[in-house]
>>> print(open('input13.pdb').read())   # PDB, C-alpha atoms
MODEL        1
ATOM      1  CA  MET I   1     -29.905   8.900  46.616
ATOM      2  CA  ASN I   2     -29.138   5.521  48.196
ATOM      3  CA  CYS I   3     -26.151   3.326  47.306
ATOM      4  CA  GLU I   4     -28.191   0.758  45.373
ATOM      5  CA  LEU I   5     -29.521   3.422  43.016
ATOM      6  CA  ALA I   6     -26.079   5.005  42.807
ATOM      7  CA  HIS I   7     -24.572   1.705  41.620
ATOM      8  CA  GLU I   8     -26.939   1.663  38.651
ATOM      9  CA  LYS I   9     -26.238   5.283  37.766
ATOM     10  CA  ILE I  10     -22.456   4.784  38.033
ATOM     11  CA  VAL I  11     -22.600   2.283  35.169
ATOM     12  CA  LEU I  12     -24.767   4.593  33.046
ATOM     13  CA  ALA I  13     -22.490   7.548  33.739
ATOM     14  CA  ALA I  14     -19.370   5.571  32.821
ATOM     15  CA  TYR I  15     -20.780   4.950  29.354
ATOM     16  CA  GLY I  16     -22.198   8.467  28.857
ATOM     17  CA  GLU I  17     -25.862   7.456  29.136
ATOM     18  CA  LEU I  18     -26.821   9.357  32.277
ATOM     19  CA  PRO I  19     -28.696  12.694  31.917
ATOM     20  CA  ASP I  20     -26.911  15.842  33.116
ATOM     21  CA  ASP I  21     -29.288  16.530  35.991
ATOM     22  CA  GLN I  22     -28.762  13.020  37.359
ATOM     23  CA  ILE I  23     -24.990  13.322  36.950
ATOM     24  CA  HIS I  24     -24.973  16.250  39.400
ATOM     25  CA  GLU I  25     -27.076  14.249  41.849
ATOM     26  CA  LEU I  26     -24.692  11.285  41.507
ATOM     27  CA  ASP I  27     -21.651  13.515  42.059
ATOM     28  CA  ARG I  28     -23.138  14.811  45.304
ATOM     29  CA  HIS I  29     -23.658  11.243  46.512
ATOM     30  CA  LEU I  30     -20.113  10.201  45.543
ATOM     31  CA  THR I  31     -18.666  13.128  47.456
ATOM     32  CA  ALA I  32     -20.121  11.734  50.681
ATOM     33  CA  CYS I  33     -19.875   7.978  49.995
ATOM     34  CA  ASP I  34     -16.435   6.358  49.902
ATOM     35  CA  GLY I  35     -17.761   2.937  48.867
ATOM     36  CA  CYS I  36     -19.571   4.206  45.777
ATOM     37  CA  ARG I  37     -16.642   6.416  44.828
ATOM     38  CA  GLU I  38     -14.327   3.399  45.004
ATOM     39  CA  GLU I  39     -16.685   1.378  42.831
ATOM     40  CA  ARG I  40     -16.720   4.139  40.192
ATOM     41  CA  GLU I  41     -12.911   4.238  40.117
ATOM     42  CA  GLN I  42     -12.710   0.467  39.662
ATOM     43  CA  LEU I  43     -15.320   0.561  36.910
ATOM     44  CA  LEU I  44     -13.451   3.315  35.061
ATOM     45  CA  ALA I  45     -10.202   1.358  35.346
ATOM     46  CA  LEU I  46     -11.893  -1.778  34.048
ATOM     47  CA  ARG I  47     -13.399   0.170  31.161
ATOM     48  CA  THR I  48      -9.944   1.490  30.294
ATOM     49  CA  LEU I  49      -8.677  -2.062  30.151
ATOM     50  CA  ALA I  50     -11.582  -3.214  28.017
ATOM     51  CA  SER I  51     -11.280  -0.340  25.554
ATOM     52  CA  SER I  52      -7.566  -0.985  24.977
ATOM     53  CA  ASN I  53      -8.293  -4.166  23.023
ATOM     54  CA  PRO I  54     -10.726  -4.961  20.218
ATOM     55  CA  VAL I  55     -13.781  -7.076  20.950
ATOM     56  CA  ILE I  56     -13.066 -10.734  20.181
ATOM     57  CA  GLU I  57     -15.914 -12.877  18.977
ATOM     58  CA  PRO I  58     -16.353 -16.123  20.946
ATOM     59  CA  PRO I  59     -15.392 -19.340  19.120
ATOM     60  CA  ALA I  60     -18.178 -21.080  17.228
ATOM     61  CA  ASN I  61     -17.605 -24.283  19.212
ATOM     62  CA  LEU I  62     -18.096 -22.429  22.495
ATOM     63  CA  ILE I  63     -21.381 -20.933  21.292
ATOM     64  CA  ALA I  64     -22.600 -24.325  20.079
ATOM     65  CA  ARG I  65     -21.732 -26.054  23.359
ATOM     66  CA  SER I  66     -23.381 -23.263  25.351
ATOM     67  CA  ARG I  67     -26.585 -23.626  23.364
ATOM     68  CA  VAL I  68     -26.610 -27.384  23.890
ATOM     69  CA  ARG I  69     -26.142 -26.921  27.647
ATOM     70  CA  LEU I  70     -28.907 -24.322  27.762
ATOM     71  CA  GLU I  71     -31.296 -26.620  25.929
ATOM     72  CA  GLU I  72     -30.437 -29.484  28.291
ATOM     73  CA  ALA I  73     -31.047 -27.262  31.314
ATOM     74  CA  LEU I  74     -34.399 -26.100  29.939
ATOM     75  CA  ASP I  75     -35.427 -29.670  29.162
ATOM     76  CA  ALA I  76     -34.589 -30.658  32.731
ATOM     77  CA  LEU I  77     -37.096 -28.154  34.145
ATOM     78  CA  PRO I  78     -40.358 -29.855  35.170
ATOM     79  CA  PRO I  79     -43.374 -28.773  33.089
ATOM     80  CA  LYS I  80     -45.764 -26.380  34.784
ATOM     81  CA  ARG I  81     -49.239 -27.646  35.583
ATOM     82  CA  TRP I  82     -52.266 -25.912  34.151
ATOM     83  CA  TYR I  83     -53.148 -24.152  37.413
ATOM     84  CA  GLU I  84     -49.574 -22.862  37.789
ATOM     85  CA  ARG I  85     -49.679 -21.398  34.304
ATOM     86  CA  LEU I  86     -53.096 -19.868  35.035
ATOM     87  CA  SER I  87     -51.924 -18.253  38.271
ATOM     88  CA  THR I  88     -48.810 -16.860  36.564
ATOM     89  CA  ARG I  89     -50.945 -15.384  33.784
ATOM     90  CA  LEU I  90     -53.335 -13.790  36.280
ATOM     91  CA  VAL I  91     -50.487 -12.247  38.270
ATOM     92  CA  ASN I  92     -48.915 -10.842  35.108
ATOM     93  CA  ASN I  93     -52.264  -9.484  33.963
ATOM     94  CA  VAL I  94     -52.890  -7.761  37.298
ATOM     95  CA  ALA I  95     -49.424  -6.188  37.212
ATOM     96  CA  SER I  96     -49.999  -4.997  33.675
ATOM     97  CA  LEU I  97     -53.377  -3.532  34.613
ATOM     98  CA  GLN I  98     -51.746  -1.455  37.330
ATOM     99  CA  ALA I  99     -49.197  -0.065  34.862
ATOM    100  CA  ALA I 100     -51.448   0.569  31.851
ATOM    101  CA  PRO I 101     -55.130  -0.093  32.613
ATOM    102  CA  ALA I 102     -56.679   0.492  29.200
ATOM    103  CA  ALA I 103     -54.142  -1.360  27.072
ATOM    104  CA  ALA I 104     -53.781  -4.171  29.606
ATOM    105  CA  LEU I 105     -57.526  -4.684  29.777
ATOM    106  CA  LEU I 106     -57.663  -5.071  26.000
ATOM    107  CA  LEU I 107     -54.806  -7.588  26.097
ATOM    108  CA  LEU I 108     -56.520  -9.454  28.897
ATOM    109  CA  ILE I 109     -59.709  -9.770  26.865
ATOM    110  CA  VAL I 110     -57.776 -11.007  23.833
ATOM    111  CA  GLY I 111     -55.853 -13.474  26.010
ATOM    112  CA  MET I 112     -59.014 -14.847  27.529
ATOM    113  CA  GLY I 113     -60.440 -15.338  24.055
ATOM    114  CA  ALA I 114     -57.321 -17.144  22.911
ATOM    115  CA  GLY I 115     -57.414 -19.288  26.039
ATOM    116  CA  SER I 116     -60.993 -20.226  25.388
ATOM    117  CA  LEU I 117     -60.145 -21.182  21.822
ATOM    118  CA  GLY I 118     -57.186 -23.239  23.021
ATOM    119  CA  GLY I 119     -59.374 -24.989  25.576
ATOM    120  CA  TYR I 120     -61.910 -25.822  22.893
ATOM    121  CA  GLU I 121     -59.186 -27.325  20.672
ATOM    122  CA  TYR I 122     -57.833 -29.320  23.594
ATOM    123  CA  ALA I 123     -61.298 -30.664  24.389
ATOM    124  CA  GLN I 124     -61.781 -31.698  20.755
ATOM    125  CA  ALA I 125     -58.400 -33.428  20.694
ATOM    126  CA  ARG I 126     -59.157 -35.235  23.940
ATOM    127  CA  ALA I 127     -62.486 -36.397  22.611
ATOM    128  CA  LEU I 128     -60.821 -37.804  19.506
ATOM    129  CA  ARG I 129     -58.204 -39.524  21.654
ATOM    130  CA  ASN I 130     -60.821 -41.118  23.858
ATOM    131  CA  GLU I 131     -62.652 -42.437  20.827
ATOM    132  CA  SER I 132     -59.643 -43.861  19.018
ATOM    133  CA  GLY I 133     -57.372 -44.699  21.968
ATOM    134  CA  THR I 134     -54.473 -42.685  20.475
ATOM    135  CA  PRO I 135     -54.010 -38.953  20.078
ATOM    136  CA  PRO I 136     -54.372 -37.475  16.568
ATOM    137  CA  ALA I 137     -51.099 -36.628  14.802
ATOM    138  CA  ASN I 138     -51.834 -32.907  14.662
ATOM    139  CA  ALA I 139     -53.250 -32.497  18.186
ATOM    140  CA  PRO I 140     -51.690 -29.582  20.107
ATOM    141  CA  GLY I 141     -48.827 -30.654  22.367
ATOM    142  CA  THR I 142     -48.591 -34.172  20.928
ATOM    143  CA  PRO I 143     -45.027 -35.515  21.281
ATOM    144  CA  GLN I 144     -43.342 -36.611  18.100
ATOM    145  CA  PRO I 145     -42.589 -40.364  17.728
ATOM    146  CA  LEU I 146     -39.210 -41.260  19.181
ATOM    147  CA  ALA I 147     -36.558 -42.810  16.974
ATOM    148  CA  ASN I 148     -35.577 -46.402  17.663
ATOM    149  CA  VAL I 149     -32.737 -46.271  20.158
ATOM    150  CA  ALA I 150     -30.783 -49.220  21.526
ATOM    151  CA  PRO I 151     -31.031 -49.517  25.335
ATOM    152  CA  THR I 152     -27.242 -49.302  25.601
ATOM    153  CA  GLU I 153     -27.356 -45.795  24.118
ATOM    154  CA  VAL I 154     -29.704 -44.424  26.811
ATOM    155  CA  ALA I 155     -27.788 -42.764  29.643
ATOM    156  CA  SER I 156     -30.729 -42.025  31.939
ATOM    157  CA  ILE I 157     -34.483 -41.449  32.056
ATOM    158  CA  SER I 158     -35.389 -37.882  33.013
ATOM    159  CA  SER I 159     -39.198 -38.126  33.222
ATOM    160  CA  ILE I 160     -42.174 -40.441  32.615
ATOM    161  CA  VAL I 161     -45.619 -38.939  32.082
ATOM    162  CA  GLN I 162     -48.786 -40.894  31.301
ATOM    163  CA  GLN I 163     -51.541 -39.098  29.424
ATOM    164  CA  PRO I 164     -54.777 -38.910  31.463
ATOM    165  CA  ASN I 165     -57.306 -41.660  30.697
ATOM    166  CA  SER I 166     -54.974 -43.213  28.145
ATOM    167  CA  ASP I 167     -52.274 -45.843  27.754
ATOM    168  CA  VAL I 168     -50.020 -43.313  26.005
ATOM    169  CA  VAL I 169     -46.789 -42.690  27.913
ATOM    170  CA  GLU I 170     -44.198 -39.996  27.230
ATOM    171  CA  VAL I 171     -40.674 -40.946  28.267
ATOM    172  CA  ARG I 172     -37.914 -38.354  28.211
ATOM    173  CA  TYR I 173     -34.409 -39.750  28.202
ATOM    174  CA  ASN I 174     -30.800 -38.621  27.933
ATOM    175  CA  GLN I 175     -28.732 -40.273  25.248
ATOM    176  CA  LEU I 176     -25.026 -40.725  25.826
ATOM    177  CA  VAL I 177     -22.505 -43.165  24.423
ATOM    178  CA  PRO I 178     -19.408 -43.233  26.686
ATOM    179  CA  GLN I 179     -16.072 -43.147  24.894
ATOM    180  CA  ARG I 180     -12.463 -43.291  26.031
ATOM    181  CA  MET I 181      -9.306 -41.770  24.602
ATOM    182  CA  GLN I 182      -5.730 -42.213  25.747
ATOM    183  CA  GLY I 183      -2.736 -40.295  24.508
ATOM    184  CA  SER I 184       0.057 -37.830  25.210
ATOM    185  CA  LEU I 185      -0.550 -34.314  26.468
ATOM    186  CA  ASP I 186       0.899 -33.140  23.162
ATOM    187  CA  ASP I 187      -1.874 -34.927  21.272
ATOM    188  CA  PRO I 188      -4.250 -32.266  19.817
ATOM    189  CA  ALA I 189      -7.272 -34.497  20.494
ATOM    190  CA  ILE I 190      -6.297 -34.919  24.164
ATOM    191  CA  ARG I 191      -5.750 -31.186  24.493
ATOM    192  CA  GLN I 192      -9.133 -30.467  22.933
ATOM    193  CA  LEU I 193     -10.832 -32.761  25.458
ATOM    194  CA  LEU I 194      -8.951 -31.092  28.318
ATOM    195  CA  MET I 195     -10.070 -27.647  27.134
ATOM    196  CA  MET I 196     -13.670 -28.861  26.968
ATOM    197  CA  ALA I 197     -13.321 -30.339  30.470
ATOM    198  CA  SER I 198     -12.087 -26.976  31.787
ATOM    199  CA  GLU I 199     -15.556 -25.596  31.003
ATOM    200  CA  ASP I 200     -17.464 -28.502  32.571
ATOM    201  CA  ALA I 201     -19.803 -26.719  34.989
ATOM    202  CA  ALA I 202     -21.087 -29.971  36.481
ATOM    203  CA  SER I 203     -17.874 -31.087  38.196
ATOM    204  CA  ALA I 204     -15.370 -28.857  39.959
ATOM    205  CA  GLY I 205     -13.024 -31.835  40.288
ATOM    206  CA  ILE I 206     -12.885 -32.392  36.530
ATOM    207  CA  ARG I 207     -12.301 -28.671  35.941
ATOM    208  CA  ASP I 208      -9.533 -28.664  38.551
ATOM    209  CA  ASP I 209      -7.760 -31.654  36.969
ATOM    210  CA  SER I 210      -8.015 -30.327  33.413
ATOM    211  CA  VAL I 211      -6.937 -26.763  34.257
ATOM    212  CA  GLY I 212      -4.046 -28.138  36.327
ATOM    213  CA  LEU I 213      -2.770 -30.184  33.380
ATOM    214  CA  LEU I 214      -3.178 -27.296  30.941
ATOM    215  CA  ALA I 215      -1.429 -24.874  33.310
ATOM    216  CA  ALA I 216       1.485 -27.311  33.733
ATOM    217  CA  GLU I 217       1.855 -27.475  29.948
ATOM    218  CA  CYS I 218       1.982 -23.683  29.750
ATOM    219  CA  ARG I 219       4.519 -23.351  32.566
ATOM    220  CA  ALA I 220       6.686 -25.931  30.809
ATOM    221  CA  GLY I 221       6.417 -24.003  27.520
ATOM    222  CA  HIS I 222       4.820 -26.877  25.612
ATOM    223  CA  SER I 223       2.892 -25.236  22.748
ATOM    224  CA  CYS I 224       0.641 -23.056  24.905
ATOM    225  CA  ASN I 225      -0.919 -21.374  21.866
ATOM    226  CA  PRO I 226      -2.870 -18.112  22.314
ATOM    227  CA  ALA I 227      -5.935 -19.452  20.490
ATOM    228  CA  GLY I 228      -6.000 -22.738  22.392
ATOM    229  CA  ILE I 229      -4.820 -23.514  25.897
ATOM    230  CA  ARG I 230      -4.224 -19.865  26.823
ATOM    231  CA  ASP I 231      -7.822 -18.994  25.945
ATOM    232  CA  ALA I 232      -9.119 -21.858  28.086
ATOM    233  CA  LEU I 233      -7.026 -20.719  31.051
ATOM    234  CA  MET I 234      -8.208 -17.110  30.708
ATOM    235  CA  VAL I 235     -11.840 -18.255  30.676
ATOM    236  CA  ALA I 236     -11.209 -20.318  33.827
ATOM    237  CA  LEU I 237      -9.474 -17.385  35.547
ATOM    238  CA  ARG I 238     -12.310 -14.993  34.769
ATOM    239  CA  TYR I 239     -15.401 -17.133  35.301
ATOM    240  CA  ASP I 240     -14.747 -20.328  37.267
ATOM    241  CA  ARG I 241     -16.493 -20.402  40.654
ATOM    242  CA  ASN I 242     -13.791 -22.539  42.299
ATOM    243  CA  GLU I 243     -10.849 -20.651  43.834
ATOM    244  CA  GLY I 244      -8.469 -23.565  43.289
ATOM    245  CA  VAL I 245      -9.273 -23.714  39.580
ATOM    246  CA  ARG I 246      -8.763 -19.956  39.194
ATOM    247  CA  GLU I 247      -5.444 -20.120  41.058
ATOM    248  CA  LYS I 248      -4.125 -22.885  38.791
ATOM    249  CA  ALA I 249      -5.213 -20.949  35.715
ATOM    250  CA  LEU I 250      -3.405 -17.839  36.993
ATOM    251  CA  LYS I 251      -0.178 -19.774  37.525
ATOM    252  CA  GLY I 252      -0.415 -21.250  34.044
ATOM    253  CA  LEU I 253      -0.736 -17.784  32.493
ATOM    254  CA  GLU I 254       2.228 -16.312  34.414
ATOM    255  CA  PRO I 255       4.900 -16.995  31.723
ATOM    256  CA  TYR I 256       2.921 -15.025  29.123
ATOM    257  CA  VAL I 257       1.987 -11.856  31.002
ATOM    258  CA  ALA I 258       4.847  -9.909  29.415
ATOM    259  CA  GLN I 259       4.300 -10.974  25.805
ATOM    260  CA  ASP I 260       0.500 -11.342  25.538
ATOM    261  CA  MET I 261      -1.657  -8.275  26.196
ATOM    262  CA  ARG I 262      -4.782 -10.432  26.536
ATOM    263  CA  VAL I 263      -3.140 -12.416  29.325
ATOM    264  CA  ARG I 264      -2.082  -9.164  30.989
ATOM    265  CA  ASP I 265      -5.654  -7.864  30.868
ATOM    266  CA  ALA I 266      -6.999 -11.111  32.326
ATOM    267  CA  VAL I 267      -4.545 -10.885  35.249
ATOM    268  CA  LEU I 268      -5.495  -7.228  35.813
ATOM    269  CA  GLU I 269      -9.177  -8.184  35.902
ATOM    270  CA  ALA I 270      -8.362 -10.843  38.498
ATOM    271  CA  LEU I 271      -6.565  -8.209  40.566
ATOM    272  CA  LEU I 272      -9.575  -5.901  40.429
ATOM    273  CA  ASN I 273     -12.452  -8.333  40.714
ATOM    274  CA  ASP I 274     -11.460 -11.715  42.155
ATOM    275  CA  SER I 275     -13.126 -12.526  45.467
ATOM    276  CA  ASP I 276     -10.088 -14.409  46.830
ATOM    277  CA  ALA I 277      -7.397 -12.190  48.377
ATOM    278  CA  ARG I 278      -4.734 -14.867  47.815
ATOM    279  CA  ILE I 279      -5.362 -14.874  44.067
ATOM    280  CA  ARG I 280      -5.272 -11.063  43.967
ATOM    281  CA  SER I 281      -1.924 -11.033  45.795
ATOM    282  CA  GLN I 282      -0.531 -13.559  43.324
ATOM    283  CA  ALA I 283      -1.812 -11.413  40.457
ATOM    284  CA  ILE I 284       0.198  -8.455  41.795
ATOM    285  CA  SER I 285       3.347 -10.598  41.943
ATOM    286  CA  ILE I 286       2.802 -11.839  38.403
ATOM    287  CA  LEU I 287       2.425  -8.250  37.160
ATOM    288  CA  GLU I 288       5.781  -7.104  38.576
ATOM    289  CA  PRO I 289       7.720  -7.783  35.311
ATOM    290  CA  VAL I 290       5.371  -5.365  33.502
ATOM    291  CA  GLU I 291       4.907  -2.868  36.341
ATOM    292  CA  ALA I 292       6.112  -0.019  34.101
ATOM    293  CA  ASP I 293       3.184  -0.524  31.726
ATOM    294  CA  THR I 294       0.799   2.446  31.851
ATOM    295  CA  THR I 295      -2.354   0.372  32.311
ATOM    296  CA  VAL I 296      -0.729  -1.803  34.978
ATOM    297  CA  ARG I 297       0.412   1.283  36.906
ATOM    298  CA  GLN I 298      -3.065   2.786  36.679
ATOM    299  CA  VAL I 299      -4.721  -0.323  38.100
ATOM    300  CA  LEU I 300      -2.079  -0.696  40.822
ATOM    301  CA  SER I 301      -2.559   2.961  41.792
ATOM    302  CA  THR I 302      -6.325   2.476  42.042
ATOM    303  CA  VAL I 303      -5.910  -0.627  44.186
ATOM    304  CA  ALA I 304      -3.227   0.972  46.351
ATOM    305  CA  SER I 305      -5.397   3.972  47.136
ATOM    306  CA  SER I 306      -8.892   2.558  47.504
ATOM    307  CA  ASP I 307      -8.926  -1.232  47.927
ATOM    308  CA  GLN I 308     -10.777  -2.483  51.004
ATOM    309  CA  ASN I 309      -8.120  -5.076  51.807
ATOM    310  CA  PRO I 310      -5.167  -3.443  53.646
ATOM    311  CA  GLN I 311      -2.755  -6.195  52.634
ATOM    312  CA  ILE I 312      -3.600  -5.723  48.955
ATOM    313  CA  ARG I 313      -3.123  -1.960  49.337
ATOM    314  CA  ASN I 314       0.297  -2.400  50.959
ATOM    315  CA  VAL I 315       1.542  -4.900  48.372
ATOM    316  CA  SER I 316       0.398  -2.622  45.531
ATOM    317  CA  ARG I 317       2.192   0.357  47.075
ATOM    318  CA  GLN I 318       5.385  -1.668  47.432
ATOM    319  CA  VAL I 319       5.297  -2.664  43.778
ATOM    320  CA  LEU I 320       4.646   0.930  42.690
ATOM    321  CA  SER I 321       7.543   2.194  44.811
ATOM    322  CA  ARG I 322       9.913  -0.182  43.028
ATOM    323  CA  ALA I 323       8.553   0.541  39.548
ATOM    324  CA  PRO I 324      10.622   2.920  37.386
ATOM    325  CA  GLU I 325       9.093   6.294  36.673
ATOM    326  CA  ILE I 326       7.663   6.755  33.173
ATOM    327  CA  GLN I 327       9.658   9.326  31.206
TER     328      GLN I 327
ENDMDL
END
>>> encode(input="input13.pdb", output="structure tokens")
Amino acid sequence: MNCELAHEKIVLAAYGELPDDQIHELDRHLTACDGCREEREQLLALRTLASSNPVIEPPANLIARSRVRLEEALDALPPKRWYERLSTRLVNNVASLQAAPAAALLLLIVGMGAGSLGGYEYAQARALRNESGTPPANAPGTPQPLANVAPTEVASISSIVQQPNSDVVEVRYNQLVPQRMQGSLDDPAIRQLLMMASEDAASAGIRDDSVGLLAAECRAGHSCNPAGIRDALMVALRYDRNEGVREKALKGLEPYVAQDMRVRDAVLEALLNDSDARIRSQAISILEPVEADTTVRQVLSTVASSDQNPQIRNVSRQVLSRAPEIQ
């Protein structure tokens, strides 16, 4: 068994979904492979952390914004040309034929029939368009009429496509009306905008500024509510790609590691998984006030014994040596 296959089976085994015969094979590989054994220990520690708290449903606003961003990203993709779609279909059909020849052949025949029917409908629609100069209202793929929009409300034009042999033009545009708000950091509306900016994937600078302001509010003890600013900082610590943003979020969460279990779990995840050694070292320092906690000790023990970074191992051992023994 190679390491790549072992990584997949480690996850299945951790959740009790790996057959017994494969478990024995995995155990033999782990006996001889230090890297895979370390990964299993980290995964088990992370699962322990995850199972200690109930699953929290994401906020409705976050889901809505994520869907809007996904739709915008999909709209920004250029449409495939007919020959690209045809080649993709042929490749998929060939792959399916190799896996299940009889069933795939039947699907291929049905698909070719549907394609022929679609081509016939397209030809009919094109003929009608050539005769009248405009496409029929129910023709396949006909864009819907655009609403009247003032030019000042159009942020940018994303694409312009002219229909073949026609004066019909499809213009795709992005609509945005810039607004401005000014107020105190204690203003709920300002805070809401800052929390939205902390999730802005388009600009690392905006995320850095917003997370820095939110973290400063938390360090100063200014209404850093669990369901508001603290949540935004934990999301930034877990998922932001910028090390500076994650570091600011970690510092903002420091005052709450002793009183908020969710903050403690987020800091432990950073210790286990963050790619920046500086952030992991800071996470260990932040955890010192709660070093007697069972989960914290378990994670520190795992890191102290098997982490690849020698400095992280040494710092973890020092913290454990100072921690009081659990009675």
>>> atom_distance(input="input13.pdb", atom1="atom CA of Tyr256 of chain I", atom2="atom CA of Gln42 of chain I")
24.4 Å
>>> residues_around(input="input13.pdb", residues="Gln259 of chain I", least_positions_apart="3", cutoff="12 Å", atoms="only C-alpha atoms", output="PyMOL selection string")
chain I and resi 226+253-256+262-265+287+289-290
>>> resolve_selection(input="input13.pdb", expression="the PyMOL selection byres ((chain I and resi 319) around 9)", output="PDB file with C-alpha atoms, in the coordinates of the input")
ATOM      1  CA  ILE I 284       0.198  -8.455  41.795  1.00  0.00           C
ATOM      2  CA  SER I 285       3.347 -10.598  41.943  1.00  0.00           C
ATOM      3  CA  GLU I 288       5.781  -7.104  38.576  1.00  0.00           C
ATOM      4  CA  GLU I 291       4.907  -2.868  36.341  1.00  0.00           C
ATOM      5  CA  LEU I 300      -2.079  -0.696  40.822  1.00  0.00           C
ATOM      6  CA  ASN I 314       0.297  -2.400  50.959  1.00  0.00           C
ATOM      7  CA  VAL I 315       1.542  -4.900  48.372  1.00  0.00           C
ATOM      8  CA  SER I 316       0.398  -2.622  45.531  1.00  0.00           C
ATOM      9  CA  ARG I 317       2.192   0.357  47.075  1.00  0.00           C
ATOM     10  CA  GLN I 318       5.385  -1.668  47.432  1.00  0.00           C
ATOM     11  CA  LEU I 320       4.646   0.930  42.690  1.00  0.00           C
ATOM     12  CA  SER I 321       7.543   2.194  44.811  1.00  0.00           C
ATOM     13  CA  ARG I 322       9.913  -0.182  43.028  1.00  0.00           C
ATOM     14  CA  ALA I 323       8.553   0.541  39.548  1.00  0.00           C
TER      15      ALA I 323
END
>>> atom_distance(input="input13.pdb", atom1="atom CA of Asn273 of chain I", atom2="atom CA of Ala220 of chain I")
27.8 Å
>>> residues_near_point(input="input13.pdb", point="(-16.3, -16.4, 33.8)", cutoff="12 Å", atoms="only C-alpha atoms", output="PyMOL selection string")
chain I and resi 198-199+201+231-242+245-246+266+269-270+273-274
>>> write_last_selection(input="input13.pdb", atoms="C-alpha atoms", output="PDB file, in the frame of the given file")
ATOM      1  CA  SER I 198     -12.087 -26.976  31.787  1.00  0.00           C
ATOM      2  CA  GLU I 199     -15.556 -25.596  31.003  1.00  0.00           C
ATOM      3  CA  ALA I 201     -19.803 -26.719  34.989  1.00  0.00           C
ATOM      4  CA  ASP I 231      -7.822 -18.994  25.945  1.00  0.00           C
ATOM      5  CA  ALA I 232      -9.119 -21.858  28.086  1.00  0.00           C
ATOM      6  CA  LEU I 233      -7.026 -20.719  31.051  1.00  0.00           C
ATOM      7  CA  MET I 234      -8.208 -17.110  30.708  1.00  0.00           C
ATOM      8  CA  VAL I 235     -11.840 -18.255  30.676  1.00  0.00           C
ATOM      9  CA  ALA I 236     -11.209 -20.318  33.827  1.00  0.00           C
ATOM     10  CA  LEU I 237      -9.474 -17.385  35.547  1.00  0.00           C
ATOM     11  CA  ARG I 238     -12.310 -14.993  34.769  1.00  0.00           C
ATOM     12  CA  TYR I 239     -15.401 -17.133  35.301  1.00  0.00           C
ATOM     13  CA  ASP I 240     -14.747 -20.328  37.267  1.00  0.00           C
ATOM     14  CA  ARG I 241     -16.493 -20.402  40.654  1.00  0.00           C
ATOM     15  CA  ASN I 242     -13.791 -22.539  42.299  1.00  0.00           C
ATOM     16  CA  VAL I 245      -9.273 -23.714  39.580  1.00  0.00           C
ATOM     17  CA  ARG I 246      -8.763 -19.956  39.194  1.00  0.00           C
ATOM     18  CA  ALA I 266      -6.999 -11.111  32.326  1.00  0.00           C
ATOM     19  CA  GLU I 269      -9.177  -8.184  35.902  1.00  0.00           C
ATOM     20  CA  ALA I 270      -8.362 -10.843  38.498  1.00  0.00           C
ATOM     21  CA  ASN I 273     -12.452  -8.333  40.714  1.00  0.00           C
ATOM     22  CA  ASP I 274     -11.460 -11.715  42.155  1.00  0.00           C
TER      23      ASP I 274
END
>>> atom_distance(input="input13.pdb", atom1="atom CA of Ala249 of chain I", atom2="atom CA of Leu185 of chain I")
16.9 Å
>>> axis_aligned_box(input="input13.pdb", around="segment 270-284 of chain I", padding_each_side="8 Å", output="lines of an AutoDock Vina configuration file")
center_x = -6.5
center_y = -10.4
center_z = 43.4
size_x = 29.3
size_y = 25.0
size_z = 25.9
>>> closest_residue(input="input13.pdb", among="I:Asn225, I:Asn309, I:Thr302, I:Thr295", to="Asp276 of chain I", atoms="all atoms listed in the file")
I:Asn309
>>> closest_residue(input="input13.pdb", among="I:Glu41, I:Glu4, I:Asp34, I:Glu72", to="Gln298 of chain I", atoms="all atoms listed in the file")
I:Glu41
>>> resolve_selection(input="input13.pdb", expression="the PyMOL selection byres ((chain I and resi 5-16) around 10)", output="list in words")
Met1, Asn2, Cys3, Glu4, Glu17, Leu18, Pro19, Asp20, Gln22, Ile23, Glu25, Leu26, Asp27, His29, Leu30, Cys33, Cys36, Arg37, Glu39, Arg40, Glu41, Leu43, Leu44 and Arg47 of chain I
>>> closest_residue(input="input13.pdb", among="I:Val171, I:Met181, I:Val267, I:Leu214", to="Met195 of chain I", atoms="all atoms listed in the file")
I:Leu214
>>> closest_residue(input="input13.pdb", among="I:Ala32, I:Leu194, I:Ala45, I:Leu70", to="Arg297 of chain I", atoms="all atoms listed in the file")
I:Ala45
>>> closest_residue(input="input13.pdb", among="I:Leu250, I:Asp260, I:His222, I:Ser306", to="Ser184 of chain I", atoms="only C-alpha atoms")
I:His222
